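As stored in my_file_33.cif (mmCIF, C-alpha atoms):
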data_start
loop_
_atom_site.label_atom_id
_atom_site.label_comp_id
_atom_site.auth_asym_id
_atom_site.auth_seq_id
_atom_site.Cartn_x
_atom_site.Cartn_y
_atom_site.Cartn_z
CA MET V 1 -18.06 -20.94 -63.34
CA GLY V 2 -15.18 -21.85 -61.06
CA THR V 3 -11.60 -22.12 -62.15
CA ASP V 4 -8.65 -24.23 -61.11
CA ARG V 5 -5.37 -22.37 -60.85
CA GLU V 6 -2.06 -23.97 -61.76
CA ALA V 7 -0.90 -26.24 -58.93
CA ASN V 8 2.87 -25.91 -59.07
CA GLY V 9 3.66 -24.80 -55.54
CA SER V 10 2.47 -21.26 -56.20
CA SER V 11 -0.72 -19.45 -57.11
CA THR V 12 -1.22 -15.93 -58.40
CA GLN V 13 -4.52 -14.15 -58.99
CA SER V 14 -5.54 -13.48 -62.57
CA GLY V 15 -7.32 -10.38 -63.77
CA ASP V 16 -7.12 -6.84 -62.40
CA GLY V 17 -8.26 -7.49 -58.81
CA THR V 18 -6.31 -5.77 -56.07
CA ALA V 19 -4.35 -8.16 -53.86
CA MET V 20 -5.09 -7.59 -50.17
CA ILE V 21 -2.62 -10.36 -49.25
CA ARG V 22 0.44 -11.21 -51.34
CA VAL V 23 2.71 -14.13 -50.46
CA ASP V 24 5.83 -14.26 -52.61
CA LYS V 25 8.19 -17.26 -52.67
CA VAL V 26 7.84 -17.83 -48.93
CA VAL V 27 10.05 -20.42 -47.28
CA LYS V 28 9.71 -21.45 -43.65
CA THR V 29 11.56 -24.24 -41.87
CA HIS V 30 11.27 -25.67 -38.37
CA ARG V 31 13.72 -27.82 -36.46
CA VAL V 32 12.47 -31.03 -34.90
CA GLY V 33 15.48 -32.22 -32.92
CA ALA V 34 18.34 -32.39 -35.40
CA THR V 35 15.99 -32.54 -38.40
CA LYS V 36 15.07 -29.50 -40.49
CA VAL V 37 11.43 -29.64 -41.64
CA HIS V 38 10.25 -27.47 -44.54
CA ALA V 39 6.87 -26.16 -43.38
CA LEU V 40 6.59 -23.99 -46.51
CA ALA V 41 8.74 -24.48 -49.61
CA GLY V 42 8.52 -21.40 -51.83
CA VAL V 43 4.79 -20.68 -51.61
CA SER V 44 3.42 -17.78 -53.68
CA LEU V 45 -0.19 -16.60 -53.88
CA ASP V 46 -2.33 -13.48 -54.16
CA ILE V 47 -5.63 -13.02 -52.30
CA PRO V 48 -7.80 -10.20 -53.67
CA ALA V 49 -9.70 -7.93 -51.31
CA GLY V 50 -13.15 -9.23 -50.39
CA THR V 51 -12.26 -12.90 -50.95
CA PHE V 52 -13.15 -15.73 -48.54
CA VAL V 53 -10.31 -18.25 -48.86
CA SER V 54 -10.28 -21.65 -47.19
CA ILE V 55 -6.89 -23.32 -46.69
CA MET V 56 -6.93 -27.09 -46.35
CA GLY V 57 -4.37 -29.85 -46.10
CA PRO V 58 -3.30 -32.78 -43.93
CA SER V 59 -1.53 -32.29 -40.62
CA GLY V 60 1.95 -30.94 -41.25
CA SER V 61 1.08 -29.52 -44.66
CA GLY V 62 1.97 -25.95 -43.62
CA LYS V 63 -1.53 -24.44 -43.53
CA SER V 64 -1.38 -23.03 -39.98
CA THR V 65 2.20 -21.85 -40.55
CA LEU V 66 1.02 -19.94 -43.63
CA LEU V 67 -1.90 -18.38 -41.72
CA TYR V 68 0.30 -17.11 -38.90
CA LEU V 69 2.87 -15.76 -41.32
CA MET V 70 0.07 -13.82 -43.04
CA GLY V 71 -0.83 -12.42 -39.64
CA GLY V 72 2.71 -11.32 -38.85
CA VAL V 73 2.91 -13.60 -35.82
CA ASP V 74 6.11 -15.06 -37.27
CA LEU V 75 8.41 -14.22 -40.18
CA PRO V 76 9.49 -16.48 -43.06
CA ASP V 77 13.08 -17.56 -43.59
CA SER V 78 12.89 -15.96 -47.03
CA GLY V 79 10.32 -14.43 -49.34
CA ASP V 80 7.88 -11.58 -48.81
CA ILE V 81 4.41 -11.16 -47.31
CA ARG V 82 2.39 -8.01 -47.94
CA ILE V 83 -0.91 -6.83 -46.49
CA GLY V 84 -2.15 -4.21 -48.91
CA ASP V 85 0.98 -2.26 -49.81
CA ARG V 86 2.72 -2.96 -46.48
CA SER V 87 5.47 -5.58 -46.37
CA LEU V 88 5.74 -7.40 -43.07
CA ILE V 89 9.38 -8.23 -43.77
CA GLY V 90 11.79 -5.89 -42.05
CA LEU V 91 9.32 -4.78 -39.38
CA SER V 92 10.53 -5.18 -35.81
CA GLU V 93 8.59 -7.44 -33.45
CA ASP V 94 7.05 -4.37 -31.80
CA GLU V 95 6.08 -2.89 -35.18
CA ARG V 96 4.48 -6.16 -36.23
CA SER V 97 2.58 -6.26 -32.93
CA VAL V 98 1.18 -2.79 -33.55
CA PHE V 99 0.36 -3.66 -37.17
CA ARG V 100 -1.49 -6.82 -36.10
CA ARG V 101 -3.43 -5.00 -33.41
CA GLN V 102 -4.60 -2.37 -35.87
CA ASN V 103 -5.07 -4.38 -39.07
CA ILE V 104 -5.50 -8.12 -38.47
CA GLY V 105 -8.49 -9.76 -36.82
CA PHE V 106 -7.90 -13.26 -35.43
CA VAL V 107 -10.49 -15.95 -34.64
CA PHE V 108 -9.20 -19.07 -32.89
CA GLN V 109 -10.55 -22.56 -32.30
CA PHE V 110 -10.60 -22.10 -28.53
CA PHE V 111 -12.01 -18.53 -28.53
CA ASN V 112 -9.20 -17.00 -26.39
CA LEU V 113 -11.56 -14.79 -24.38
CA LEU V 114 -10.31 -13.36 -21.09
CA PRO V 115 -12.31 -15.11 -18.36
CA THR V 116 -12.46 -12.11 -16.00
CA LEU V 117 -13.87 -9.72 -18.62
CA SER V 118 -17.49 -9.44 -19.70
CA ALA V 119 -18.54 -10.09 -23.29
CA GLU V 120 -18.63 -6.34 -23.91
CA GLU V 121 -15.18 -5.83 -22.41
CA ASN V 122 -13.71 -8.72 -24.42
CA VAL V 123 -14.98 -7.19 -27.65
CA ALA V 124 -13.63 -3.76 -26.69
CA LEU V 125 -10.21 -5.07 -25.59
CA PRO V 126 -8.25 -4.50 -28.85
CA LEU V 127 -9.33 -0.86 -28.91
CA LEU V 128 -8.62 -0.39 -25.20
CA LEU V 129 -5.12 -1.82 -25.71
CA ASP V 130 -4.68 0.77 -28.45
CA GLY V 131 -5.23 3.55 -25.89
CA LYS V 132 -8.90 4.29 -26.50
CA ARG V 133 -11.44 4.83 -23.70
CA MET V 134 -14.40 2.53 -23.11
CA ARG V 135 -16.92 5.35 -23.38
CA ASP V 136 -15.53 6.22 -26.80
CA VAL V 137 -15.55 2.68 -28.19
CA ARG V 138 -18.87 1.55 -26.70
CA PRO V 139 -20.94 2.56 -29.79
CA ARG V 140 -18.75 0.38 -32.04
CA VAL V 141 -18.88 -2.48 -29.52
CA GLU V 142 -22.67 -2.25 -29.28
CA GLN V 143 -22.93 -2.23 -33.08
CA LEU V 144 -21.01 -5.50 -33.33
CA LEU V 145 -22.69 -7.21 -30.39
CA ARG V 146 -26.03 -6.46 -31.97
CA ALA V 147 -24.72 -7.74 -35.29
CA VAL V 148 -23.92 -11.12 -33.73
CA ASN V 149 -27.19 -11.09 -31.73
CA LEU V 150 -25.51 -10.93 -28.31
CA TRP V 151 -26.17 -7.40 -27.05
CA ASP V 152 -28.44 -8.82 -24.35
CA ARG V 153 -25.52 -10.98 -23.12
CA ARG V 154 -23.00 -8.13 -22.98
CA GLU V 155 -22.50 -8.25 -19.20
CA HIS V 156 -21.96 -12.02 -19.01
CA LEU V 157 -18.55 -13.54 -18.34
CA PRO V 158 -17.33 -16.22 -20.80
CA GLU V 159 -18.12 -19.01 -18.31
CA ALA V 160 -21.81 -18.09 -18.61
CA LEU V 161 -21.80 -18.33 -22.41
CA SER V 162 -22.16 -21.34 -24.70
CA GLY V 163 -19.39 -22.33 -27.11
CA GLY V 164 -21.24 -20.77 -30.02
CA GLU V 165 -21.82 -17.55 -28.09
CA MET V 166 -18.15 -17.36 -27.15
CA GLN V 167 -17.12 -17.76 -30.78
CA ARG V 168 -19.55 -15.03 -31.84
CA ILE V 169 -17.99 -12.76 -29.20
CA ALA V 170 -14.56 -13.68 -30.58
CA ILE V 171 -15.68 -12.74 -34.12
CA ALA V 172 -17.05 -9.41 -32.88
CA ARG V 173 -13.73 -8.78 -31.09
CA ALA V 174 -11.81 -9.57 -34.29
CA LEU V 175 -13.92 -7.09 -36.28
CA VAL V 176 -13.97 -4.25 -33.74
CA ILE V 177 -10.73 -2.79 -35.17
CA GLU V 178 -12.20 -2.80 -38.71
CA PRO V 179 -9.39 -5.10 -39.86
CA ALA V 180 -7.98 -5.23 -43.36
CA VAL V 181 -7.93 -9.03 -43.01
CA LEU V 182 -9.76 -11.58 -40.85
CA LEU V 183 -7.75 -14.77 -40.15
CA ALA V 184 -9.57 -17.79 -38.70
CA ASP V 185 -7.78 -20.91 -37.44
CA GLU V 186 -10.22 -23.87 -37.29
CA PRO V 187 -13.01 -21.57 -35.99
CA THR V 188 -15.53 -24.43 -35.75
CA GLY V 189 -13.16 -27.12 -34.48
CA ASN V 190 -14.45 -26.88 -30.91
CA LEU V 191 -18.16 -26.65 -31.78
CA ASP V 192 -20.93 -29.10 -32.63
CA SER V 193 -21.94 -29.31 -36.30
CA LYS V 194 -25.09 -27.17 -35.98
CA THR V 195 -23.33 -24.37 -34.10
CA GLY V 196 -20.34 -24.63 -36.42
CA LYS V 197 -22.61 -24.10 -39.43
CA GLU V 198 -24.06 -20.99 -37.76
CA ILE V 199 -20.58 -19.58 -37.11
CA LEU V 200 -19.49 -20.24 -40.70
CA GLY V 201 -22.67 -18.55 -41.91
CA LEU V 202 -21.82 -15.53 -39.80
CA ILE V 203 -18.29 -15.34 -41.22
CA ARG V 204 -19.58 -15.81 -44.77
CA GLY V 205 -22.25 -13.17 -44.27
CA MET V 206 -19.63 -10.68 -43.12
CA ALA V 207 -17.37 -11.55 -46.03
CA ARG V 208 -20.21 -11.04 -48.53
CA ARG V 209 -21.89 -7.97 -47.06
CA LEU V 210 -18.89 -6.13 -45.67
CA LYS V 211 -16.46 -7.08 -48.44
CA GLN V 212 -14.22 -8.43 -45.68
CA THR V 213 -11.12 -10.38 -46.74
CA VAL V 214 -11.17 -13.72 -44.88
CA VAL V 215 -8.61 -16.52 -44.74
CA MET V 216 -9.69 -19.64 -42.86
CA VAL V 217 -7.72 -22.78 -42.06
CA THR V 218 -9.90 -25.86 -41.80
CA HIS V 219 -9.66 -29.64 -42.16
CA ASP V 220 -13.38 -29.92 -43.01
CA PRO V 221 -14.44 -29.81 -46.70
CA ASN V 222 -17.96 -28.78 -45.67
CA ALA V 223 -16.54 -25.78 -43.82
CA ALA V 224 -14.26 -24.92 -46.74
CA ALA V 225 -17.29 -24.80 -49.06
CA PHE V 226 -18.54 -21.68 -47.26
CA GLY V 227 -15.79 -19.70 -49.01
CA ASN V 228 -15.32 -18.95 -52.68
CA ARG V 229 -11.75 -20.23 -53.03
CA THR V 230 -10.08 -23.33 -51.62
CA ILE V 231 -6.30 -23.73 -51.50
CA THR V 232 -4.95 -27.15 -50.58
CA LEU V 233 -1.41 -27.49 -49.23
CA ARG V 234 0.67 -30.64 -49.10
CA ASP V 235 4.27 -30.91 -47.91
CA GLY V 236 4.65 -27.15 -47.80
CA THR V 237 3.53 -26.45 -51.37
CA ILE V 238 0.22 -25.63 -53.05
CA GLU V 239 -1.30 -28.83 -54.38
CA SER V 240 -4.47 -27.24 -55.77
CA ASP V 241 -6.21 -23.88 -55.90
CA ALA V 242 -9.88 -23.83 -56.89
CA ASP V 243 -11.83 -20.58 -57.30
CA SER V 244 -15.62 -20.84 -57.47
CA GLY V 245 -16.22 -17.18 -58.29
CA GLU V 246 -18.52 -15.14 -56.03
CA ILE V 247 -18.83 -15.93 -52.32
CA PRO V 248 -21.88 -18.21 -52.16
CA ALA V 249 -25.00 -17.14 -50.31
CA GLY V 250 -26.82 -19.60 -48.10
CA ASP V 251 -29.57 -20.09 -45.55
CA ALA V 252 -26.97 -20.14 -42.77
CA ASP V 253 -25.91 -16.52 -43.42
CA TRP V 254 -26.93 -14.23 -40.60
CA GLY V 255 -29.02 -11.30 -41.80
CA PRO V 256 -28.38 -8.68 -39.09
CA VAL V 257 -24.69 -8.37 -39.95
CA GLY V 258 -24.97 -6.35 -43.13
CA ASP V 259 -27.72 -4.14 -41.75
CA ARG V 260 -25.88 -2.98 -38.65
CA VAL V 261 -22.18 -2.88 -39.46
CA GLU V 262 -20.88 -0.42 -42.00
CA PRO V 263 -18.77 -1.78 -44.88
CA LYS V 264 -15.11 -0.79 -44.91
CA ASN V 265 -12.54 -0.35 -47.66
CA GLY V 266 -10.06 -2.85 -46.22
CA THR V 267 -7.08 -0.49 -46.37
CA PRO V 268 -4.38 -1.33 -43.82
CA LYS V 269 -3.73 1.41 -41.28
CA GLU V 270 -0.30 3.02 -41.23
CA LEU V 271 2.16 2.28 -38.46
CA PRO V 272 2.64 5.22 -36.08
CA HIS V 273 5.82 7.21 -36.65
#
Could you quickly redo this structure as structure tokens?
Amino acid sequence: MGTDREANGSSTQSGDGTAMIRVDKVVKTHRVGATKVHALAGVSLDIPAGTFVSIMGPSGSGKSTLLYLMGGVDLPDSGDIRIGDRSLIGLSEDERSVFRRQNIGFVFQFFNLLPTLSAEENVALPLLLDGKRMRDVRPRVEQLLRAVNLWDRREHLPEALSGGEMQRIAIARALVIEPAVLLADEPTGNLDSKTGKEILGLIRGMARRLKQTVVMVTHDPNAAAFGNRTITLRDGTIESDADSGEIPAGDADWGPVGDRVEPKNGTPKELPH
């Protein structure tokens, strides 16, 4: 049976689950001309490992701001954000960049594939940027391309791929680093409804079978239902937080994922010293 958590601007997990993401009294403001806008006004929440969380809310509610703060793309004005036992507060921009590259997988609405690289090279890119050689990472890249049913398209440039294929490549790229957390910003916003359902099934299948922690921003209630927890923001605070229990299974889940990609423990990697 699902539960509704207290909607008072904050939300904290109950029980003994380990928090993979912890947001504590986070405040973030933006300036629009001479006006200060509170994007987030003291938001607190815990996201246990292996949870698929959907964040919803109207435009300007703070949902994308919260997602990018979780990913260390930006820092809050006050409060704390932790991935596992690592606080992102106090890290330099370079340290946050390294932490993101090694621990956070991103999936974007517009795919963000490099047009001059093949599908295989796009998937390998995060590992190549981390100093690894293509011959060393190719087994991992092949594993993921097979998982998303695109190994036979590995040599194609993005322009030769459909929107759904490009998003599957983007998901494989996000997972190639074995991230502690997968963050998705409107991952189906640029796709037709049928393809969008397939992509959501793929993400849900990975969350269920790999125990991957997923946070997805979406405006679509049907997309949000693929997860097992929905947080709704309004005016920079948590309006509601509904937990439905286990991540639901469904016909749209893609079977090959769990068979070909090894589960991981979701522990953030340490920053190099």
- Do you know which residues are at most 10 Å from V:Val37 counting only C-alpha atoms, after dropping those on the same chain fewer than 6 positions away, and could you put them as a VMD selection string? chain V and resid 28 to 31 60 235 to 236
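Computed from the coordinates, the atom CA of V:Phe226 to atom CA of V:Asp185 distance equals 14.6 Å.
Closest to V:Arg208 among V:Glu155, V:Asn228, V:Leu45, V:Val141 is V:Asn228, based on only C-alpha atoms.
Across V:Arg135, V:Arg82, V:Arg101, V:Gln167, the tightest approach to V:Ala119 is made by V:Gln167 when counting all atoms listed in the file.
Non-sequential neighbours of V:Asp130 (distance at most 10 Å, separation of 4 or more positions within a chain, all atoms listed in the file) are Val98, Arg101, Gln102, Leu125, Pro126 and Ile177 of chain V.
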